file start_8.txt (compact mmCIF, C-alpha atoms)
# COMPACT_ATOMS: atom_id res chain seq x y z
CA MET A 1 26.50 -0.47 19.13
CA SER A 2 27.67 3.03 19.92
CA LYS A 3 27.10 4.41 16.43
CA THR A 4 25.46 7.82 16.46
CA PRO A 5 21.74 7.64 15.73
CA THR A 6 21.18 8.76 12.16
CA LYS A 7 17.73 10.18 12.70
CA SER A 8 17.81 12.00 9.37
CA TYR A 9 17.92 8.63 7.53
CA TYR A 10 14.29 8.07 8.51
CA PRO A 11 11.55 10.64 7.95
CA SER A 12 10.85 12.62 11.12
CA ARG A 13 7.58 12.14 13.01
CA ARG A 14 6.49 15.55 11.78
CA ALA A 15 7.22 14.64 8.14
CA LEU A 16 5.32 11.36 8.51
CA ILE A 17 2.27 13.04 10.02
CA LEU A 18 2.36 15.70 7.31
CA THR A 19 2.60 12.95 4.68
CA TRP A 20 -0.40 11.21 6.22
CA ALA A 21 -2.41 14.46 6.20
CA VAL A 22 -1.61 15.01 2.51
CA LEU A 23 -2.53 11.38 1.75
CA MET A 24 -5.88 11.89 3.50
CA ALA A 25 -6.50 15.07 1.52
CA LEU A 26 -5.59 13.30 -1.72
CA THR A 27 -7.95 10.44 -0.81
CA ILE A 28 -10.74 12.98 -0.44
CA GLY A 29 -9.65 14.25 -3.87
CA THR A 30 -9.95 10.68 -5.17
CA MET A 31 -13.44 10.42 -3.68
CA LEU A 32 -14.53 13.68 -5.31
CA ALA A 33 -12.99 12.88 -8.71
CA GLY A 34 -14.34 9.31 -8.57
CA ARG A 35 -17.83 10.53 -7.55
CA VAL A 36 -18.09 7.83 -4.90
CA THR A 37 -21.70 8.53 -4.01
CA THR A 38 -22.99 9.01 -7.56
CA VAL A 39 -23.95 6.48 -10.22
CA THR A 40 -22.37 8.08 -13.24
CA THR A 41 -19.68 7.64 -15.88
CA LEU A 42 -16.46 9.61 -15.45
CA GLY A 43 -15.31 11.85 -18.27
CA PRO A 44 -11.71 11.96 -19.53
CA GLY A 45 -10.97 14.94 -17.28
CA LEU A 46 -12.00 13.15 -14.09
CA LEU A 47 -10.17 9.99 -15.19
CA ALA A 48 -7.03 12.11 -15.67
CA VAL A 49 -7.48 13.63 -12.20
CA LEU A 50 -7.92 10.13 -10.71
CA PHE A 51 -4.76 9.01 -12.50
CA LEU A 52 -2.71 11.96 -11.21
CA VAL A 53 -4.01 11.79 -7.64
CA THR A 54 -3.37 8.03 -7.48
CA TRP A 55 0.13 8.51 -8.86
CA ALA A 56 0.84 11.27 -6.33
CA LYS A 57 -0.36 9.06 -3.46
CA ALA A 58 1.85 6.20 -4.65
CA GLY A 59 4.79 8.62 -4.77
CA LEU A 60 4.25 9.74 -1.18
CA ILE A 61 4.02 6.15 0.06
CA LEU A 62 7.19 5.21 -1.81
CA ARG A 63 9.23 8.26 -0.81
CA GLN A 64 8.07 8.78 2.78
CA TYR A 65 6.51 5.60 4.20
CA LEU A 66 8.90 3.28 2.31
CA ASN A 67 11.75 5.79 2.72
CA LEU A 68 12.80 5.69 -0.95
CA ARG A 69 13.63 9.39 -0.65
CA THR A 70 17.05 8.08 0.44
CA VAL A 71 17.45 6.41 -2.98
CA PRO A 72 15.86 8.85 -5.47
CA ALA A 73 16.81 6.77 -8.53
CA ALA A 74 14.90 3.77 -7.15
CA ALA A 75 11.91 5.99 -6.38
CA ASP A 76 11.97 7.26 -9.98
CA VAL A 77 12.06 3.70 -11.38
CA MET A 78 9.11 2.66 -9.20
CA MET A 79 7.17 5.80 -10.12
CA PHE A 80 7.80 5.12 -13.81
CA LEU A 81 6.58 1.52 -13.41
CA ILE A 82 3.40 2.66 -11.66
CA ALA A 83 2.79 5.44 -14.20
CA LEU A 84 3.17 2.93 -17.03
CA MET A 85 0.63 0.60 -15.46
CA LEU A 86 -1.81 3.48 -14.83
CA VAL A 87 -1.40 4.76 -18.42
CA VAL A 88 -2.23 1.31 -19.84
CA VAL A 89 -5.25 0.88 -17.53
CA THR A 90 -6.58 4.40 -18.18
CA SER A 91 -6.09 3.98 -21.95
CA LEU A 92 -8.06 0.71 -21.89
CA TYR A 93 -10.87 2.43 -19.98
CA MET A 94 -10.93 5.25 -22.52
CA LEU A 95 -11.04 2.70 -25.37
CA ALA A 96 -14.07 1.02 -23.82
CA ARG A 97 -16.14 4.21 -24.20
CA MET B 1 13.37 -3.59 29.56
CA GLN B 2 16.78 -2.04 29.50
CA HIS B 3 17.98 -5.23 27.88
CA GLU B 4 15.43 -4.85 25.08
CA GLN B 5 16.49 -1.29 24.45
CA LYS B 6 20.10 -2.37 24.06
CA GLU B 7 19.02 -4.72 21.28
CA ALA B 8 17.80 -1.84 19.24
CA ALA B 9 20.46 -0.60 16.86
CA PRO B 10 19.67 3.10 16.43
CA GLN B 11 21.12 3.35 12.93
CA PRO B 12 19.67 2.42 9.55
CA ALA B 13 19.20 -1.33 9.47
CA SER B 14 21.16 -1.46 6.24
CA ASP B 15 24.13 0.15 8.02
CA ALA B 16 24.15 -2.43 10.78
CA GLY B 17 26.91 -4.52 9.31
CA GLU B 18 26.50 -7.43 11.67
CA THR B 19 22.79 -7.81 10.93
CA ASP B 20 23.11 -8.91 7.34
CA THR B 21 26.39 -10.07 5.98
CA LEU B 22 24.71 -10.74 2.62
CA ALA B 23 23.78 -7.07 2.16
CA GLY B 24 26.98 -6.30 0.32
CA SER B 25 26.37 -9.03 -2.24
CA TRP B 26 23.09 -7.46 -3.36
CA GLY B 27 24.92 -4.84 -5.41
CA ILE B 28 22.84 -1.74 -6.12
CA LEU B 29 19.87 -3.25 -4.25
CA SER B 30 21.79 -3.01 -0.97
CA THR B 31 21.32 0.78 -1.06
CA LEU B 32 17.55 0.34 -0.66
CA PRO B 33 15.96 0.79 2.80
CA GLY B 34 15.25 -2.48 4.61
CA HIS B 35 16.19 -5.83 3.07
CA PRO B 36 16.84 -6.11 -0.70
CA MET B 37 14.77 -9.31 -0.86
CA MET B 38 11.73 -7.38 0.35
CA TRP B 39 12.18 -4.96 -2.57
CA ILE B 40 12.32 -7.84 -5.02
CA LEU B 41 9.04 -8.99 -3.49
CA ILE B 42 7.55 -5.48 -3.75
CA VAL B 43 8.45 -5.12 -7.44
CA SER B 44 7.11 -8.64 -8.11
CA GLU B 45 3.85 -7.86 -6.32
CA ILE B 46 3.41 -4.57 -8.16
CA LEU B 47 3.95 -6.41 -11.45
CA VAL B 48 1.47 -9.16 -10.48
CA PHE B 49 -1.20 -6.70 -9.33
CA GLY B 50 -0.41 -4.39 -12.28
CA GLY B 51 -0.99 -7.36 -14.60
CA ALA B 52 -4.30 -8.05 -12.83
CA PHE B 53 -5.40 -4.42 -13.21
CA ILE B 54 -4.51 -4.45 -16.91
CA ALA B 55 -6.43 -7.75 -17.29
CA PHE B 56 -9.35 -6.10 -15.48
CA ALA B 57 -9.35 -3.10 -17.82
CA GLY B 58 -8.76 -5.34 -20.85
CA THR B 59 -11.67 -7.66 -19.99
CA ARG B 60 -13.84 -4.57 -19.56
CA LEU B 61 -13.27 -3.79 -23.24
CA ALA B 62 -15.25 -6.92 -24.19
CA ASP B 63 -18.37 -5.80 -22.33
CA PRO B 64 -18.20 -2.26 -20.94
CA GLU B 65 -21.92 -2.16 -20.12
CA LEU B 66 -21.74 -5.29 -17.96
CA PHE B 67 -18.72 -3.88 -16.12
CA ARG B 68 -20.39 -0.50 -15.59
CA ALA B 69 -23.59 -2.09 -14.24
CA SER B 70 -21.66 -4.52 -12.02
CA GLN B 71 -19.34 -1.80 -10.73
CA ASP B 72 -22.35 0.20 -9.53
CA HIS B 73 -23.06 -2.61 -7.04
CA LEU B 74 -19.74 -1.92 -5.28
CA ASP B 75 -19.71 0.12 -2.09
CA ARG B 76 -17.37 2.91 -3.17
CA LEU B 77 -17.66 4.72 0.15
CA ALA B 78 -16.54 1.58 2.01
CA GLY B 79 -13.60 1.35 -0.39
CA ALA B 80 -12.67 4.97 0.31
CA ILE B 81 -12.95 4.47 4.07
CA ASN B 82 -10.72 1.41 3.78
CA THR B 83 -8.17 3.51 1.86
CA MET B 84 -8.05 5.94 4.79
CA VAL B 85 -7.82 3.06 7.27
CA LEU B 86 -4.83 1.52 5.46
CA LEU B 87 -3.07 4.86 4.96
CA THR B 88 -3.44 5.53 8.69
CA SER B 89 -2.09 2.07 9.50
CA GLY B 90 0.83 2.89 7.20
CA LEU B 91 1.52 5.98 9.30
CA CYS B 92 1.49 3.82 12.45
CA ALA B 93 3.94 1.38 10.84
CA ALA B 94 6.27 4.21 9.76
CA LEU B 95 6.11 5.70 13.28
CA ALA B 96 7.10 2.27 14.65
CA VAL B 97 10.32 2.39 12.59
CA ASN B 98 10.86 5.96 13.74
CA ALA B 99 10.45 4.93 17.40
CA MET B 100 12.74 1.92 16.94
CA ALA B 101 15.41 4.15 15.38
CA GLU B 102 15.38 5.99 18.71
CA ALA B 103 15.59 2.62 20.55
CA LYS B 104 12.07 3.06 21.98
CA VAL B 105 11.03 -0.59 21.72
CA HIS B 106 7.79 -0.30 23.68
CA ILE B 107 6.57 2.64 21.67
CA ALA B 108 7.50 0.85 18.45
CA ARG B 109 5.46 -2.17 19.56
CA ARG B 110 2.48 0.04 20.34
CA TRP B 111 2.61 1.56 16.86
CA LEU B 112 2.86 -1.91 15.33
CA ALA B 113 -0.16 -3.01 17.37
CA ALA B 114 -2.08 0.04 16.15
CA ALA B 115 -1.11 -0.71 12.53
CA SER B 116 -2.28 -4.32 12.95
CA ALA B 117 -5.55 -3.25 14.60
CA LEU B 118 -6.28 -0.99 11.64
CA GLY B 119 -5.50 -3.94 9.37
CA VAL B 120 -8.20 -5.88 11.22
CA VAL B 121 -10.60 -2.94 10.72
CA PHE B 122 -9.81 -3.04 6.99
CA LEU B 123 -10.61 -6.76 6.87
CA ALA B 124 -13.85 -6.24 8.84
CA VAL B 125 -15.04 -3.61 6.34
CA LYS B 126 -14.07 -5.95 3.51
CA MET B 127 -16.02 -8.82 5.09
CA VAL B 128 -19.12 -6.61 5.39
CA GLU B 129 -18.70 -5.72 1.70
CA TYR B 130 -18.31 -9.37 0.69
CA SER B 131 -21.27 -10.57 2.77
CA THR B 132 -23.52 -7.87 1.27
CA LYS B 133 -22.48 -8.86 -2.26
CA LEU B 134 -22.78 -12.59 -1.64
CA GLY B 135 -26.16 -12.08 0.04
CA ALA B 136 -27.36 -10.33 -3.13
CA GLY B 137 -26.23 -13.27 -5.26
CA LEU B 138 -23.18 -11.42 -6.59
CA THR B 139 -20.82 -14.37 -6.23
CA PRO B 140 -17.44 -14.86 -7.95
CA THR B 141 -19.24 -16.79 -10.71
CA ALA B 142 -21.93 -14.12 -11.29
CA ASN B 143 -20.01 -12.60 -14.21
CA SER B 144 -16.48 -11.75 -15.35
CA PHE B 145 -16.47 -8.47 -13.41
CA PHE B 146 -17.18 -10.17 -10.09
CA THR B 147 -14.72 -12.98 -10.83
CA LEU B 148 -11.97 -10.37 -11.23
CA TYR B 149 -13.30 -8.27 -8.33
CA TYR B 150 -13.11 -11.18 -5.88
CA LEU B 151 -9.77 -12.35 -7.27
CA THR B 152 -8.00 -8.98 -6.96
CA THR B 153 -9.56 -7.84 -3.68
CA GLY B 154 -9.38 -11.35 -2.17
CA PHE B 155 -5.70 -11.69 -3.09
CA HIS B 156 -5.07 -8.29 -1.56
CA ALA B 157 -7.00 -9.26 1.61
CA LEU B 158 -4.74 -12.33 1.93
CA HIS B 159 -1.77 -9.97 1.83
CA VAL B 160 -3.35 -7.92 4.64
CA ILE B 161 -3.69 -11.10 6.74
CA ALA B 162 -0.06 -12.03 5.96
CA GLY B 163 0.97 -8.46 6.83
CA ILE B 164 -0.74 -8.61 10.23
CA LEU B 165 1.08 -11.87 10.98
CA ILE B 166 4.41 -10.35 9.87
CA LEU B 167 3.85 -7.28 12.05
CA ALA B 168 3.13 -9.57 15.01
CA ILE B 169 6.35 -11.53 14.38
CA VAL B 170 8.55 -8.44 14.02
CA SER B 171 6.95 -6.96 17.14
CA TRP B 172 7.89 -10.13 19.03
CA LYS B 173 11.41 -10.29 17.57
CA ALA B 174 11.85 -6.53 17.65
CA SER B 175 14.96 -4.97 16.18
CA LEU B 176 15.34 -2.05 13.82
CA GLU B 177 16.08 -4.41 10.95
CA THR B 178 13.12 -6.75 11.50
CA ILE B 179 10.68 -3.88 12.04
CA GLU B 180 11.92 -2.09 8.92
CA ILE B 181 11.51 -5.27 6.87
CA GLY B 182 8.06 -6.04 8.29
CA THR B 183 6.75 -2.53 7.80
CA THR B 184 8.13 -2.47 4.24
CA PHE B 185 5.78 -5.39 3.48
CA TRP B 186 2.93 -3.51 5.17
CA HIS B 187 3.51 -0.38 3.08
CA MET B 188 3.53 -2.54 -0.06
CA VAL B 189 0.06 -3.81 0.90
CA ASP B 190 -0.95 -0.19 1.44
CA LEU B 191 0.47 0.85 -1.95
CA VAL B 192 -1.34 -1.95 -3.81
CA TRP B 193 -4.68 -0.89 -2.30
CA VAL B 194 -4.08 2.75 -3.27
CA LEU B 195 -3.74 1.50 -6.89
CA LEU B 196 -6.54 -1.08 -6.68
CA PHE B 197 -9.22 1.25 -5.29
CA PRO B 198 -9.50 3.63 -8.28
CA VAL B 199 -9.02 0.88 -10.89
CA VAL B 200 -11.64 -1.53 -9.52
CA TYR B 201 -14.07 0.79 -7.71
CA LEU B 202 -13.90 4.21 -9.31
CA MET B 203 -12.88 4.22 -13.00
CA ARG B 204 -16.06 3.88 -15.04
call {"tool": "encode", "arguments": {"input": "start_8.txt", "output": "structure tokens"}}
result
Amino acid sequence: MSKTPTKSYYPSRRALILTWAVLMALTIGTMLAGRVTTVTTLGPGLLAVLFLVTWAKAGLILRQYLNLRTVPAAADVMMFLIALMLVVVTSLYMLAR
Amino acid sequence: MQHEQKEAAPQPASDAGETDTLAGSWGILSTLPGHPMMWILIVSEILVFGGAFIAFAGTRLADPELFRASQDHLDRLAGAINTMVLLTSGLCAALAVNAMAEAKVHIARRWLAAASALGVVFLAVKMVEYSTKLGAGLTPTANSFFTLYYLTTGFHALHVIAGILILAIVSWKASLETIEIGTTFWHMVDLVWVLLFPVVYLMR
């Protein structure tokens, strides 16, 4: 019970709040790229931006909220899995044009 | 209260040898934060939802016009607001682990309560969305888009409900290990929504 607290194992409060702020900014980026208030079709450029922003948000959740920064190899595997899924989905959307 | 604080092991849950004697038998998975079983669940859930998103995009190929027209009935702004709500609840959950790592049980419980409350807000927004759609006759049987829309978002909403229950349980049985495991599930729910929102609501 007397082990020294290993605060550095978990992200600091400051890091978590910064992560949240970046996630909020990226969500606004998602809203802009996804034209949330407009009835329109998204071009390949905007679809690519959506893909990248979504992937970046997933990365922040995995590395900071889920603390996978402590196991970078696992974070990389998860990021690869998510990228693969997003590539397939985006490709199918492009094919439907 | 002092008693409760003594329960809190202020080191990574995975380092607390007495808390999980099975941890060593998980091999490489035992290096992951929280419990290895939760990570097996997370990967499974991502694969299940990933499969659903691919099915969604694949079905769209058969009738892109129907999907485009149906998608325009969705409330994208509500979806975006719900993204912010869940991301904020994720912050609260992460801060609960942070507080527990410092043996601040009461503060950890407050953060868990805040995360759960935001989960309820998410569900309330979702219910408003559903009732508007159902009121307009856009039921799960309206067309293939709405069948998949209700399936994916409904399945996710069930995970939110399960997550709120899990957060309540780990708040009651508070230790660093239980809170880390419970919040890991909550972040998974968060992560799935971050992927679901652009695929179902925005890509068109």
call {"tool": "residues_around", "arguments": {"input": "start_8.txt", "residues": "stretch 44-61 of chain B", "least_positions_apart": "3", "cutoff": "10 Å", "atoms": "all atoms listed in the file", "output": "PyMOL selection string"}}
result
(chain A and resi 78+81-82+84-97) or (chain B and resi 38-41+64-68+144-145+147-149+151-152+155-156+188-189+191-193+195-196+199-200+203-204)
call {"tool": "axis_aligned_box", "arguments": {"input": "start_8.txt", "around": "stretch 35-52 of chain A", "padding_each_side": "4 Å", "output": "lines of an AutoDock Vina configuration file"}}
result
center_x = -13.3
center_y = 10.7
center_z = -11.8
size_x = 29.2
size_y = 16.5
size_z = 23.5
call {"tool": "atom_distance", "arguments": {"input": "start_8.txt", "atom1": "atom CA of B:Ala114", "atom2": "atom CA of B:Ala93"}}
result
8.1 Å
call {"tool": "residues_near_point", "arguments": {"input": "start_8.txt", "point": "(4.7, -9.0, 15.3)", "cutoff": "12 Å", "atoms": "only C-alpha atoms", "output": "VMD selection string"}}
result
chain B and resid 93 96 108 to 117 162 to 175 178 to 183 186
call {"tool": "write_last_selection", "arguments": {"input": "start_8.txt", "atoms": "C-alpha atoms", "output": "PDB file, keeping the file's coordinate frame"}}
result
ATOM      1  CA  ALA B  93       3.940   1.380  10.840  1.00  0.00           C
ATOM      2  CA  ALA B  96       7.100   2.270  14.650  1.00  0.00           C
ATOM      3  CA  ALA B 108       7.500   0.850  18.450  1.00  0.00           C
ATOM      4  CA  ARG B 109       5.460  -2.170  19.560  1.00  0.00           C
ATOM      5  CA  ARG B 110       2.480   0.040  20.340  1.00  0.00           C
ATOM      6  CA  TRP B 111       2.610   1.560  16.860  1.00  0.00           C
ATOM      7  CA  LEU B 112       2.860  -1.910  15.330  1.00  0.00           C
ATOM      8  CA  ALA B 113      -0.160  -3.010  17.370  1.00  0.00           C
ATOM      9  CA  ALA B 114      -2.080   0.040  16.150  1.00  0.00           C
ATOM     10  CA  ALA B 115      -1.110  -0.710  12.530  1.00  0.00           C
ATOM     11  CA  SER B 116      -2.280  -4.320  12.950  1.00  0.00           C
ATOM     12  CA  ALA B 117      -5.550  -3.250  14.600  1.00  0.00           C
ATOM     13  CA  ALA B 162      -0.060 -12.030   5.960  1.00  0.00           C
ATOM     14  CA  GLY B 163       0.970  -8.460   6.830  1.00  0.00           C
ATOM     15  CA  ILE B 164      -0.740  -8.610  10.230  1.00  0.00           C
ATOM     16  CA  LEU B 165       1.080 -11.870  10.980  1.00  0.00           C
ATOM     17  CA  ILE B 166       4.410 -10.350   9.870  1.00  0.00           C
ATOM     18  CA  LEU B 167       3.850  -7.280  12.050  1.00  0.00           C
ATOM     19  CA  ALA B 168       3.130  -9.570  15.010  1.00  0.00           C
ATOM     20  CA  ILE B 169       6.350 -11.530  14.380  1.00  0.00           C
ATOM     21  CA  VAL B 170       8.550  -8.440  14.020  1.00  0.00           C
ATOM     22  CA  SER B 171       6.950  -6.960  17.140  1.00  0.00           C
ATOM     23  CA  TRP B 172       7.890 -10.130  19.030  1.00  0.00           C
ATOM     24  CA  LYS B 173      11.410 -10.290  17.570  1.00  0.00           C
ATOM     25  CA  ALA B 174      11.850  -6.530  17.650  1.00  0.00           C
ATOM     26  CA  SER B 175      14.960  -4.970  16.180  1.00  0.00           C
ATOM     27  CA  THR B 178      13.120  -6.750  11.500  1.00  0.00           C
ATOM     28  CA  ILE B 179      10.680  -3.880  12.040  1.00  0.00           C
ATOM     29  CA  GLU B 180      11.920  -2.090   8.920  1.00  0.00           C
ATOM     30  CA  ILE B 181      11.510  -5.270   6.870  1.00  0.00           C
ATOM     31  CA  GLY B 182       8.060  -6.040   8.290  1.00  0.00           C
ATOM     32  CA  THR B 183       6.750  -2.530   7.800  1.00  0.00           C
ATOM     33  CA  TRP B 186       2.930  -3.510   5.170  1.00  0.00           C
TER      34      TRP B 186
END
call {"tool": "closest_residue", "arguments": {"input": "start_8.txt", "among": "B:Met100, B:Leu134, B:Phe146, B:Thr141", "to": "chain A", "atoms": "only C-alpha atoms"}}
result
B:Met100
call {"tool": "residues_around", "arguments": {"input": "start_8.txt", "residues": "stretch 52-58 of chain A", "least_positions_apart": "6", "cutoff": "7 Å", "atoms": "all atoms listed in the file", "output": "ChimeraX atom specification"}}
result
/A:23,26,30,83 /B:191,194-195
call {"tool": "atom_distance", "arguments": {"input": "start_8.txt", "atom1": "atom CA of A:Ala73", "atom2": "atom CA of A:Ala48"}}
result
25.5 Å
call {"tool": "closest_residue", "arguments": {"input": "start_8.txt", "among": "A:Val49, A:Met79, A:Leu42, A:Val22", "to": "chain B", "atoms": "only C-alpha atoms"}}
result
A:Leu42
call {"tool": "residues_around", "arguments": {"input": "start_8.txt", "residues": "B:Thr88", "least_positions_apart": "4", "cutoff": "8 Å", "atoms": "all atoms listed in the file", "output": "ChimeraX atom specification"}}
result
/A:20 /B:84,92,115,118
call {"tool": "atom_distance", "arguments": {"input": "start_8.txt", "atom1": "atom CA of B:Phe197", "atom2": "atom CA of B:Gly79"}}
result
6.6 Å
call {"tool": "residues_around", "arguments": {"input": "start_8.txt", "residues": "A:Pro72", "least_positions_apart": "3", "cutoff": "12 Å", "atoms": "only C-alpha atoms", "output": "JSON, numbers by chain"}}
result
{"A": [59, 62, 63, 64, 66, 67, 68, 69, 75, 76, 77, 78, 79], "B": [31, 32, 33]}
call {"tool": "write_last_selection", "arguments": {"input": "start_8.txt", "atoms": "C-alpha atoms", "output": "PDB file, in the coordinates of the input"}}
result
ATOM      1  CA  GLY A  59       4.790   8.620  -4.770  1.00  0.00           C
ATOM      2  CA  LEU A  62       7.190   5.210  -1.810  1.00  0.00           C
ATOM      3  CA  ARG A  63       9.230   8.260  -0.810  1.00  0.00           C
ATOM      4  CA  GLN A  64       8.070   8.780   2.780  1.00  0.00           C
ATOM      5  CA  LEU A  66       8.900   3.280   2.310  1.00  0.00           C
ATOM      6  CA  ASN A  67      11.750   5.790   2.720  1.00  0.00           C
ATOM      7  CA  LEU A  68      12.800   5.690  -0.950  1.00  0.00           C
ATOM      8  CA  ARG A  69      13.630   9.390  -0.650  1.00  0.00           C
ATOM      9  CA  ALA A  75      11.910   5.990  -6.380  1.00  0.00           C
ATOM     10  CA  ASP A  76      11.970   7.260  -9.980  1.00  0.00           C
ATOM     11  CA  VAL A  77      12.060   3.700 -11.380  1.00  0.00           C
ATOM     12  CA  MET A  78       9.110   2.660  -9.200  1.00  0.00           C
ATOM     13  CA  MET A  79       7.170   5.800 -10.120  1.00  0.00           C
TER      14      MET A  79
ATOM     15  CA  THR B  31      21.320   0.780  -1.060  1.00  0.00           C
ATOM     16  CA  LEU B  32      17.550   0.340  -0.660  1.00  0.00           C
ATOM     17  CA  PRO B  33      15.960   0.790   2.800  1.00  0.00           C
TER      18      PRO B  33
END
call {"tool": "build_atoms", "arguments": {"input": "start_8.txt", "residues": "stretch 44-65 of chain A", "atoms": "N, CA and C atoms", "output": "mmCIF file, in the frame of the given file"}}
result
data_model
loop_
_atom_site.group_PDB
_atom_site.id
_atom_site.type_symbol
_atom_site.label_atom_id
_atom_site.label_comp_id
_atom_site.auth_asym_id
_atom_site.auth_seq_id
_atom_site.Cartn_x
_atom_site.Cartn_y
_atom_site.Cartn_z
ATOM 1 N N PRO A 44 -13.178 12.040 -19.439
ATOM 2 C CA PRO A 44 -11.710 11.960 -19.530
ATOM 3 C C PRO A 44 -10.998 12.858 -18.523
ATOM 4 N N GLY A 45 -11.590 14.017 -18.236
ATOM 5 C CA GLY A 45 -10.970 14.940 -17.280
ATOM 6 C C GLY A 45 -10.874 14.337 -15.895
ATOM 7 N N LEU A 46 -11.984 13.751 -15.436
ATOM 8 C CA LEU A 46 -12.000 13.150 -14.090
ATOM 9 C C LEU A 46 -11.107 11.906 -14.036
ATOM 10 N N LEU A 47 -11.075 11.152 -15.155
ATOM 11 C CA LEU A 47 -10.170 9.990 -15.190
ATOM 12 C C LEU A 47 -8.716 10.450 -15.071
ATOM 13 N N ALA A 48 -8.401 11.564 -15.734
ATOM 14 C CA ALA A 48 -7.030 12.110 -15.670
ATOM 15 C C ALA A 48 -6.707 12.554 -14.238
ATOM 16 N N VAL A 49 -7.694 13.191 -13.587
ATOM 17 C CA VAL A 49 -7.480 13.630 -12.200
ATOM 18 C C VAL A 49 -7.246 12.409 -11.297
ATOM 19 N N LEU A 50 -8.083 11.369 -11.492
ATOM 20 C CA LEU A 50 -7.920 10.130 -10.710
ATOM 21 C C LEU A 50 -6.520 9.556 -10.898
ATOM 22 N N PHE A 51 -6.096 9.518 -12.162
ATOM 23 C CA PHE A 51 -4.760 9.010 -12.500
ATOM 24 C C PHE A 51 -3.686 9.785 -11.730
ATOM 25 N N LEU A 52 -3.757 11.121 -11.824
ATOM 26 C CA LEU A 52 -2.710 11.960 -11.210
ATOM 27 C C LEU A 52 -2.717 11.854 -9.678
ATOM 28 N N VAL A 53 -3.926 11.863 -9.105
ATOM 29 C CA VAL A 53 -4.010 11.790 -7.640
ATOM 30 C C VAL A 53 -3.476 10.436 -7.147
ATOM 31 N N THR A 54 -3.840 9.369 -7.868
ATOM 32 C CA THR A 54 -3.370 8.030 -7.480
ATOM 33 C C THR A 54 -1.850 7.951 -7.584
ATOM 34 N N TRP A 55 -1.323 8.508 -8.648
ATOM 35 C CA TRP A 55 0.130 8.510 -8.860
ATOM 36 C C TRP A 55 0.845 9.298 -7.758
ATOM 37 N N ALA A 56 0.249 10.440 -7.396
ATOM 38 C CA ALA A 56 0.840 11.270 -6.330
ATOM 39 C C ALA A 56 0.835 10.520 -5.005
ATOM 40 N N LYS A 57 -0.285 9.822 -4.715
ATOM 41 C CA LYS A 57 -0.360 9.060 -3.460
ATOM 42 C C LYS A 57 0.692 7.949 -3.441
ATOM 43 N N ALA A 58 0.838 7.263 -4.566
ATOM 44 C CA ALA A 58 1.850 6.200 -4.650
ATOM 45 C C ALA A 58 3.238 6.779 -4.395
ATOM 46 N N GLY A 59 3.486 7.958 -4.951
ATOM 47 C CA GLY A 59 4.790 8.620 -4.770
ATOM 48 C C GLY A 59 5.081 8.928 -3.315
ATOM 49 N N LEU A 60 4.057 9.408 -2.601
ATOM 50 C CA LEU A 60 4.250 9.740 -1.180
ATOM 51 C C LEU A 60 4.523 8.481 -0.356
ATOM 52 N N ILE A 61 3.794 7.408 -0.676
ATOM 53 C CA ILE A 61 4.020 6.150 0.060
ATOM 54 C C ILE A 61 5.437 5.643 -0.197
ATOM 55 N N LEU A 62 5.846 5.694 -1.461
ATOM 56 C CA LEU A 62 7.190 5.210 -1.810
ATOM 57 C C LEU A 62 8.277 6.060 -1.156
ATOM 58 N N ARG A 63 8.141 7.376 -1.266
ATOM 59 C CA ARG A 63 9.230 8.260 -0.810
ATOM 60 C C ARG A 63 9.270 8.421 0.707
ATOM 61 N N GLN A 64 8.077 8.515 1.337
ATOM 62 C CA GLN A 64 8.070 8.780 2.780
ATOM 63 C C GLN A 64 7.883 7.506 3.610
ATOM 64 N N TYR A 65 6.762 6.800 3.386
ATOM 65 C CA TYR A 65 6.510 5.600 4.200
ATOM 66 C C TYR A 65 7.592 4.534 3.929
#
